[in-house]
Each structure stands twice: as structure tokens, then as C-alpha cells.
>>> print(open('run-v4.json').read())   # JSON, C-alpha atoms
[["chain", "number", "residue", "atom", "x", "y", "z"],
["A", 8, "MET", "CA", 246.94, 15.86, -89.65],
["A", 9, "THR", "CA", 247.60, 18.01, -86.60],
["A", 10, "GLU", "CA", 245.26, 20.72, -85.44],
["A", 11, "PRO", "CA", 246.47, 24.32, -85.63],
["A", 12, "GLU", "CA", 247.81, 25.79, -82.41],
["A", 13, "GLY", "CA", 246.03, 29.11, -82.96],
["A", 14, "PRO", "CA", 242.83, 30.04, -81.13],
["A", 15, "ASP", "CA", 239.97, 27.77, -82.11],
["A", 16, "THR", "CA", 236.74, 29.73, -82.41],
["A", 17, "GLY", "CA", 234.86, 26.76, -80.97],
["A", 18, "ASP", "CA", 237.22, 26.71, -78.00],
["A", 19, "ALA", "CA", 236.97, 30.47, -77.52],
["A", 20, "GLU", "CA", 233.20, 30.41, -77.45],
["A", 21, "LEU", "CA", 233.10, 27.47, -75.03],
["A", 22, "LEU", "CA", 235.74, 29.05, -72.81],
["A", 23, "GLN", "CA", 233.80, 32.31, -72.62],
["A", 24, "ARG", "CA", 230.67, 30.37, -71.68],
["A", 25, "VAL", "CA", 232.54, 28.54, -68.92],
["A", 26, "GLN", "CA", 233.96, 31.82, -67.64],
["A", 27, "ARG", "CA", 230.42, 33.21, -67.50],
["A", 28, "GLY", "CA", 229.37, 30.27, -65.31],
["A", 29, "ASP", "CA", 228.12, 27.67, -67.82],
["A", 30, "VAL", "CA", 229.83, 24.62, -66.30],
["A", 31, "GLU", "CA", 228.38, 22.28, -68.94],
["A", 32, "ALA", "CA", 230.39, 24.09, -71.66],
["A", 33, "PHE", "CA", 233.59, 22.60, -70.22],
["A", 34, "THR", "CA", 232.61, 19.03, -71.18],
["A", 35, "PRO", "CA", 233.08, 19.52, -74.96],
["A", 36, "LEU", "CA", 236.49, 21.08, -74.26],
["A", 37, "VAL", "CA", 237.51, 18.00, -72.31],
["A", 38, "ARG", "CA", 236.27, 15.67, -75.06],
["A", 39, "ARG", "CA", 238.07, 17.68, -77.73],
["A", 40, "HIS", "CA", 241.43, 17.94, -75.99],
["A", 41, "LEU", "CA", 241.65, 14.80, -73.82],
["A", 42, "PRO", "CA", 243.12, 12.41, -76.46],
["A", 43, "SER", "CA", 246.00, 14.71, -77.42],
["A", 44, "LEU", "CA", 246.64, 15.69, -73.80],
["A", 45, "ARG", "CA", 246.69, 12.05, -72.70],
["A", 46, "ALA", "CA", 249.19, 11.24, -75.48],
["A", 47, "PHE", "CA", 251.34, 14.23, -74.51],
["A", 48, "VAL", "CA", 251.44, 13.10, -70.87],
["A", 49, "ALA", "CA", 252.02, 9.43, -71.71],
["A", 50, "LEU", "CA", 255.13, 10.33, -73.69],
["A", 51, "LYS", "CA", 256.59, 12.18, -70.72],
["A", 52, "LEU", "CA", 255.95, 9.75, -67.85],
["A", 53, "PRO", "CA", 257.84, 6.51, -67.18],
["A", 54, "VAL", "CA", 254.77, 5.08, -65.44],
["A", 55, "PRO", "CA", 252.00, 4.59, -68.03],
["A", 56, "HIS", "CA", 249.09, 4.25, -65.61],
["A", 57, "LEU", "CA", 249.69, 7.79, -64.37],
["A", 58, "ALA", "CA", 248.87, 9.34, -67.77],
["A", 59, "ASP", "CA", 245.12, 9.25, -67.14],
["A", 60, "GLU", "CA", 245.54, 10.58, -63.62],
["A", 61, "VAL", "CA", 247.71, 13.50, -64.71],
["A", 62, "ALA", "CA", 245.40, 14.28, -67.65],
["A", 63, "HIS", "CA", 242.45, 14.35, -65.24],
["A", 64, "GLU", "CA", 244.32, 16.60, -62.80],
["A", 65, "THR", "CA", 245.19, 18.91, -65.69],
["A", 66, "PHE", "CA", 241.53, 19.44, -66.54],
["A", 67, "VAL", "CA", 240.62, 19.91, -62.88],
["A", 68, "PHE", "CA", 243.31, 22.58, -62.52],
["A", 69, "ALA", "CA", 242.26, 24.24, -65.79],
["A", 70, "PHE", "CA", 238.62, 24.34, -64.69],
["A", 71, "ARG", "CA", 239.50, 25.81, -61.30],
["A", 72, "HIS", "CA", 241.67, 28.49, -62.94],
["A", 73, "ILE", "CA", 239.55, 29.13, -66.03],
["A", 74, "GLN", "CA", 239.07, 32.79, -65.04],
["A", 75, "ASP", "CA", 242.84, 33.28, -65.40],
["A", 76, "PHE", "CA", 242.78, 32.14, -69.02],
["A", 77, "ASP", "CA", 242.41, 34.52, -71.96],
["A", 78, "PRO", "CA", 239.95, 32.82, -74.36],
["A", 79, "ARG", "CA", 241.53, 34.65, -77.32],
["A", 80, "ARG", "CA", 244.63, 32.52, -76.84],
["A", 81, "PRO", "CA", 244.97, 28.87, -77.88],
["A", 82, "PHE", "CA", 243.67, 26.49, -75.20],
["A", 83, "ARG", "CA", 245.76, 23.40, -76.00],
["A", 84, "PRO", "CA", 249.18, 24.95, -75.21],
["A", 85, "TRP", "CA", 247.80, 26.22, -71.90],
["A", 86, "LEU", "CA", 246.61, 22.69, -71.06],
["A", 87, "ARG", "CA", 249.99, 21.26, -72.03],
["A", 88, "GLY", "CA", 251.75, 23.78, -69.81],
["A", 89, "ILE", "CA", 249.61, 22.73, -66.87],
["A", 90, "ALA", "CA", 250.19, 19.06, -67.70],
["A", 91, "TRP", "CA", 253.94, 19.57, -68.00],
["A", 92, "ASN", "CA", 254.08, 21.12, -64.51],
["A", 93, "LEU", "CA", 252.11, 18.17, -63.12],
["A", 94, "VAL", "CA", 254.37, 15.71, -64.97],
["A", 95, "ARG", "CA", 257.47, 17.35, -63.52],
["A", 96, "ALA", "CA", 256.02, 17.14, -60.03],
["A", 97, "GLU", "CA", 255.16, 13.48, -60.58],
["A", 98, "LEU", "CA", 258.68, 12.72, -61.89],
["A", 99, "GLN", "CA", 260.20, 14.37, -58.82],
["A", 100, "ARG", "CA", 257.90, 12.34, -56.55],
["A", 101, "PHE", "CA", 258.81, 9.17, -58.45],
["A", 102, "ALA", "CA", 262.54, 9.88, -58.09],
["A", 103, "ARG", "CA", 262.17, 10.55, -54.34],
["A", 104, "GLU", "CA", 260.22, 7.31, -53.98],
["A", 105, "GLN", "CA", 262.99, 5.35, -55.72],
["A", 106, "VAL", "CA", 265.62, 6.84, -53.41],
["A", 107, "ASN", "CA", 263.48, 6.08, -50.37],
["A", 108, "ARG", "CA", 262.96, 2.48, -51.50],
["A", 109, "SER", "CA", 266.68, 2.04, -51.96],
["A", 110, "ARG", "CA", 267.39, 3.49, -48.50],
["A", 111, "LEU", "CA", 264.72, 1.29, -46.94],
["A", 112, "GLU", "CA", 266.22, -1.75, -48.62],
["A", 113, "GLN", "CA", 269.67, -0.92, -47.24],
["A", 114, "LEU", "CA", 268.21, -0.28, -43.79],
["A", 115, "GLU", "CA", 266.37, -3.61, -43.82],
["A", 116, "LEU", "CA", 269.54, -5.44, -44.80],
["A", 117, "ALA", "CA", 271.55, -3.66, -42.11],
["A", 118, "GLU", "CA", 268.88, -4.52, -39.53],
["A", 119, "LEU", "CA", 268.85, -8.12, -40.69],
["A", 120, "GLN", "CA", 272.63, -8.32, -40.42],
["A", 121, "ALA", "CA", 272.56, -6.68, -36.97],
["A", 122, "ALA", "CA", 269.82, -9.03, -35.79],
["A", 123, "VAL", "CA", 271.77, -12.00, -37.09],
["A", 124, "ALA", "CA", 274.90, -10.85, -35.29],
["A", 125, "GLU", "CA", 273.09, -10.19, -31.98],
["A", 126, "THR", "CA", 270.55, -12.98, -31.67],
["A", 127, "THR", "CA", 271.94, -15.99, -33.45],
["A", 128, "PRO", "CA", 274.79, -18.34, -32.88],
["A", 129, "PRO", "CA", 278.13, -17.49, -34.48],
["A", 130, "ASP", "CA", 277.60, -20.33, -36.97],
["A", 131, "GLU", "CA", 275.04, -18.21, -38.78],
["A", 132, "ALA", "CA", 277.72, -16.11, -40.48],
["A", 133, "GLY", "CA", 279.27, -19.32, -41.79],
["A", 134, "PHE", "CA", 275.84, -20.53, -42.87],
["A", 135, "LEU", "CA", 275.31, -17.25, -44.71],
["A", 136, "GLU", "CA", 278.52, -17.80, -46.66],
["A", 137, "GLU", "CA", 277.47, -21.38, -47.44],
["A", 138, "CYS", "CA", 274.01, -20.28, -48.53],
["A", 139, "LEU", "CA", 275.49, -17.58, -50.74],
["A", 140, "GLY", "CA", 277.60, -20.29, -52.35],
["A", 141, "GLU", "CA", 274.45, -22.30, -53.06],
["A", 142, "LEU", "CA", 272.78, -19.45, -54.96],
["A", 143, "PRO", "CA", 272.93, -19.48, -58.76],
["A", 144, "PRO", "CA", 275.90, -17.43, -60.06],
["A", 145, "ARG", "CA", 273.69, -14.64, -61.44],
["A", 146, "LEU", "CA", 272.01, -14.13, -58.06],
["A", 147, "ARG", "CA", 275.38, -14.12, -56.28],
["A", 148, "ARG", "CA", 276.63, -11.51, -58.76],
["A", 149, "LEU", "CA", 273.49, -9.42, -58.22],
["A", 150, "ILE", "CA", 273.95, -9.52, -54.44],
["A", 151, "GLU", "CA", 277.64, -8.67, -54.87],
["A", 152, "ASP", "CA", 276.77, -5.68, -57.08],
["A", 153, "ARG", "CA", 274.16, -4.38, -54.65],
["A", 154, "TYR", "CA", 275.60, -5.02, -51.20],
["A", 155, "HIS", "CA", 279.35, -5.38, -51.64],
["A", 156, "GLN", "CA", 279.85, -2.89, -54.47],
["A", 157, "GLY", "CA", 277.13, -0.55, -53.15],
["A", 158, "ARG", "CA", 275.48, -0.02, -56.52],
["A", 159, "THR", "CA", 271.95, 1.35, -56.59],
["A", 160, "ALA", "CA", 269.04, -0.50, -58.13],
["A", 161, "ARG", "CA", 269.08, 2.05, -60.96],
["A", 162, "GLU", "CA", 272.77, 1.42, -61.69],
["A", 163, "ILE", "CA", 272.31, -2.34, -61.62],
["A", 164, "ALA", "CA", 269.24, -2.13, -63.85],
["A", 165, "ALA", "CA", 271.16, -0.09, -66.40],
["A", 166, "GLN", "CA", 274.16, -2.44, -66.27],
["A", 167, "TRP", "CA", 272.08, -5.61, -66.52],
["A", 168, "GLY", "CA", 269.55, -4.25, -69.05],
["A", 169, "ARG", "CA", 266.67, -4.81, -66.62],
["A", 170, "THR", "CA", 264.14, -2.60, -64.87],
["A", 171, "GLU", "CA", 264.68, -1.24, -61.38],
["A", 172, "GLU", "CA", 261.56, -3.11, -60.30],
["A", 173, "TRP", "CA", 263.10, -6.39, -61.53],
["A", 174, "VAL", "CA", 266.27, -5.66, -59.55],
["A", 175, "ARG", "CA", 264.34, -4.91, -56.35],
["A", 176, "ILE", "CA", 262.09, -7.97, -56.67],
["A", 177, "THR", "CA", 264.99, -10.28, -57.51],
["A", 178, "LEU", "CA", 267.01, -8.99, -54.55],
["A", 179, "PHE", "CA", 264.01, -9.44, -52.28],
["A", 180, "ARG", "CA", 263.59, -13.04, -53.43],
["A", 181, "ALA", "CA", 267.32, -13.72, -53.03],
["A", 182, "ARG", "CA", 267.19, -12.42, -49.43],
["A", 183, "GLN", "CA", 264.20, -14.67, -48.75],
["A", 184, "GLN", "CA", 266.12, -17.66, -50.14],
["A", 185, "LEU", "CA", 269.14, -16.83, -48.00],
["A", 186, "ARG", "CA", 267.03, -16.44, -44.88],
["A", 187, "ALA", "CA", 265.24, -19.77, -45.50],
["A", 188, "CYS", "CA", 268.57, -21.52, -46.17],
["A", 189, "ILE", "CA", 270.15, -20.14, -42.99],
["A", 190, "GLU", "CA", 267.11, -21.08, -40.91],
["A", 191, "MET", "CA", 267.18, -24.63, -42.29],
["A", 192, "LYS", "CA", 270.88, -24.95, -41.47],
["A", 193, "LEU", "CA", 270.35, -23.59, -37.96],
["A", 194, "ALA", "CA", 267.51, -26.06, -37.44],
["A", 195, "GLY", "CA", 269.68, -28.93, -38.69],
["A", 196, "GLY", "CA", 267.53, -29.38, -41.81],
["A", 197, "PRO", "CA", 268.45, -31.17, -45.03],
["A", 198, "HIS", "CA", 270.97, -28.49, -46.01],
["A", 199, "ALA", "CA", 272.70, -28.50, -42.64],
["A", 200, "ILE", "CA", 276.33, -29.49, -42.34]]
>>> encode(input="run-v4.json", output="C-alpha cells")
Amino acid sequence: MTEPEGPDTGDAELLQRVQRGDVEAFTPLVRRHLPSLRAFVALKLPVPHLADEVAHETFVFAFRHIQDFDPRRPFRPWLRGIAWNLVRAELQRFAREQVNRSRLEQLELAELQAAVAETTPPDEAGFLEECLGELPPRLRRLIEDRYHQGRTAREIAAQWGRTEEWVRITLFRARQQLRACIEMKLAGGPHAI
């Protein structure tokens, strides 16, 4: 059974006490509203471990701005409004981080390709093609999607039914395999021509 959204007399009394300077009166408000606020936040964020952090920040913000709140109004919707603003900010930060990771990944690959072209013998390009041919078909297709087709990790994840994190980790491991294979071929190792 859900609690009514109207002003709770217990909340109103506690809120008035907090506004008068009784800091200890805020603790029962946190205990009363934390479970529903945490659930509200968890449903909105794609990163579960952030739910506790955002819930905590919501109560910190509410406490710091308690004088702005009218205790005759319901407290829970005010908390949810604060939480929603924090969730939106976190989602924007998360999206920026994903874009930055993708750009960094592309930059690292471009630097690797430039370094290969400048500092290694011309055979390395041929070794790269050979090493690509030695990768399992799914890894080759993943590399093709990312670097030849220019798809983002998000697009690949959606197409393949995987997470973006899986795509990034798998691409990282594939690049490591390619680098190791090329180095072995350059050194005349067991995979060398």
C-alpha cells in the first residue's frame, strides 16, 4: 500500500523542528523517506551503484535548503524533485563520459596506427592483415563494425545485444591480441612467416 502524497503531520512537525534548528529531527525524516527515494532513483539510473550516492546527495541538498521548504506541503514530492534533478545531471555526466571514452578509444587507435606507420618496418601492415585473419570471425566482425564502419560502442552494443562495457572491453582485448601477434611476427616468433 502506498503512502498518501499529502502533507504528513509527522513530517510537518519534524520539518518545523529542523527549520527551528533541531538538527536531530532530520534523522527520522531520512529513515522514513530513504527506502522510497532510493527505489525512485534506482529506477531512473542505468548505473545501480549510483542510487545510494544520489539518494544521499538528495538528503544533503534538502537539509541545506530546508528553510526554503514549506512544511505544510508534502515532503516526499519535494525530495523526488531534488533527486530527479540530480539524476538528470548524473545521466548527462554519464553520457559525456561515454562520448569521451569513445573519442579516446579512436584517438588511441589512430595513435597506434600512426606509430606503426612511422616507427616500424613496412611489413607490419602486412602482419596486421595476417593477424586480423587469425582472429575469430566474431572479433573480426566487431573490429570491422567499430573501425571500418565507424559505429559507436553504443550502436554496436544495441546491434549485438551486448552492453557498451562489453564492447569496449572486447575491443581492448582484440587490440591487445593484434599487438601481441604483430610483435611476435616482427620478432620472428612462432607465428612469423
>>> atom_distance(input="run-v4.json", atom1="CA of Phe101 in chain A", atom2="CA of Ala49 in chain A")
14.9 Å
>>> residues_near_point(input="run-v4.json", point="(261.8, 1.6, -57.0)", cutoff="9 Å", atoms="all atoms listed in the file", output="PyMOL selection string")
chain A and resi 101-102+104-109+160-161+171-172+174-175
>>> residues_around(input="run-v4.json", residues="Phe134 in chain A", least_positions_apart="3", cutoff="8 Å", atoms="all atoms listed in the file", output="short mmCIF file (atom, residue, chain, number, x, y, z; two decimals) with C-alpha atoms, in the frame of the given file")
data_model
loop_
_atom_site.label_atom_id
_atom_site.label_comp_id
_atom_site.auth_asym_id
_atom_site.auth_seq_id
_atom_site.Cartn_x
_atom_site.Cartn_y
_atom_site.Cartn_z
CA ASP A 130 277.60 -20.33 -36.97
CA GLU A 131 275.04 -18.21 -38.78
CA GLU A 137 277.47 -21.38 -47.44
CA CYS A 138 274.01 -20.28 -48.53
CA ILE A 189 270.15 -20.14 -42.99
CA LYS A 192 270.88 -24.95 -41.47
CA LEU A 193 270.35 -23.59 -37.96
#
>>> residues_around(input="run-v4.json", residues="Ala58 in chain A", least_positions_apart="2", cutoff="7 Å", atoms="all atoms listed in the file", output="NGL selection string")
:A and (45 or 48-49 or 55-56 or 60-62)
>>> closest_atom_pairs(input="run-v4.json", of="range 90-160 of chain A", to="range 180-183 of chain A", cutoff="12 Å", atoms="only C-alpha atoms", output="tab-separated table")
residue	atom	partner	partner_atom	distance
A:Glu112	CA	A:Arg182	CA	10.7
A:Gln113	CA	A:Arg182	CA	12.0
A:Glu115	CA	A:Arg182	CA	10.5
A:Leu116	CA	A:Arg182	CA	8.7
A:Leu119	CA	A:Arg182	CA	9.9
A:Gln120	CA	A:Arg182	CA	11.3
A:Leu135	CA	A:Arg182	CA	10.6
A:Cys138	CA	A:Ala181	CA	10.4
A:Leu139	CA	A:Ala181	CA	9.3
A:Glu141	CA	A:Ala181	CA	11.2
A:Leu142	CA	A:Ala181	CA	8.1
A:Pro143	CA	A:Ala181	CA	9.9
A:Pro144	CA	A:Ala181	CA	11.7
A:Arg145	CA	A:Ala181	CA	10.6
A:Leu146	CA	A:Ala181	CA	6.9
A:Arg147	CA	A:Ala181	CA	8.7
A:Arg148	CA	A:Ala181	CA	11.2
A:Leu149	CA	A:Ala181	CA	9.1
A:Ile150	CA	A:Ala181	CA	8.0
A:Glu151	CA	A:Ala181	CA	11.6
A:Arg153	CA	A:Ala181	CA	11.7
A:Tyr154	CA	A:Arg182	CA	11.3
>>> closest_residue(input="run-v4.json", among="A:Gly157, A:Thr170, A:Glu20, A:Ala187", to="Arg80 in chain A", atoms="only C-alpha atoms")
A:Glu20
>>> atom_distance(input="run-v4.json", atom1="CA of Leu93 in chain A", atom2="CA of Phe66 in chain A")
11.2 Å
>>> closest_residue(input="run-v4.json", among="A:Gly88, A:Gly133, A:Gly140, A:Pro78", to="Leu22 in chain A", atoms="all atoms listed in the file")
A:Pro78
>>> atom_distance(input="run-v4.json", atom1="CA of Arg110 in chain A", atom2="CA of Thr159 in chain A")
9.5 Å
>>> closest_residue(input="run-v4.json", among="A:Glu64, A:Asp152, A:Asp75, A:Asp18", to="Glu97 in chain A", atoms="all atoms listed in the file")
A:Glu64
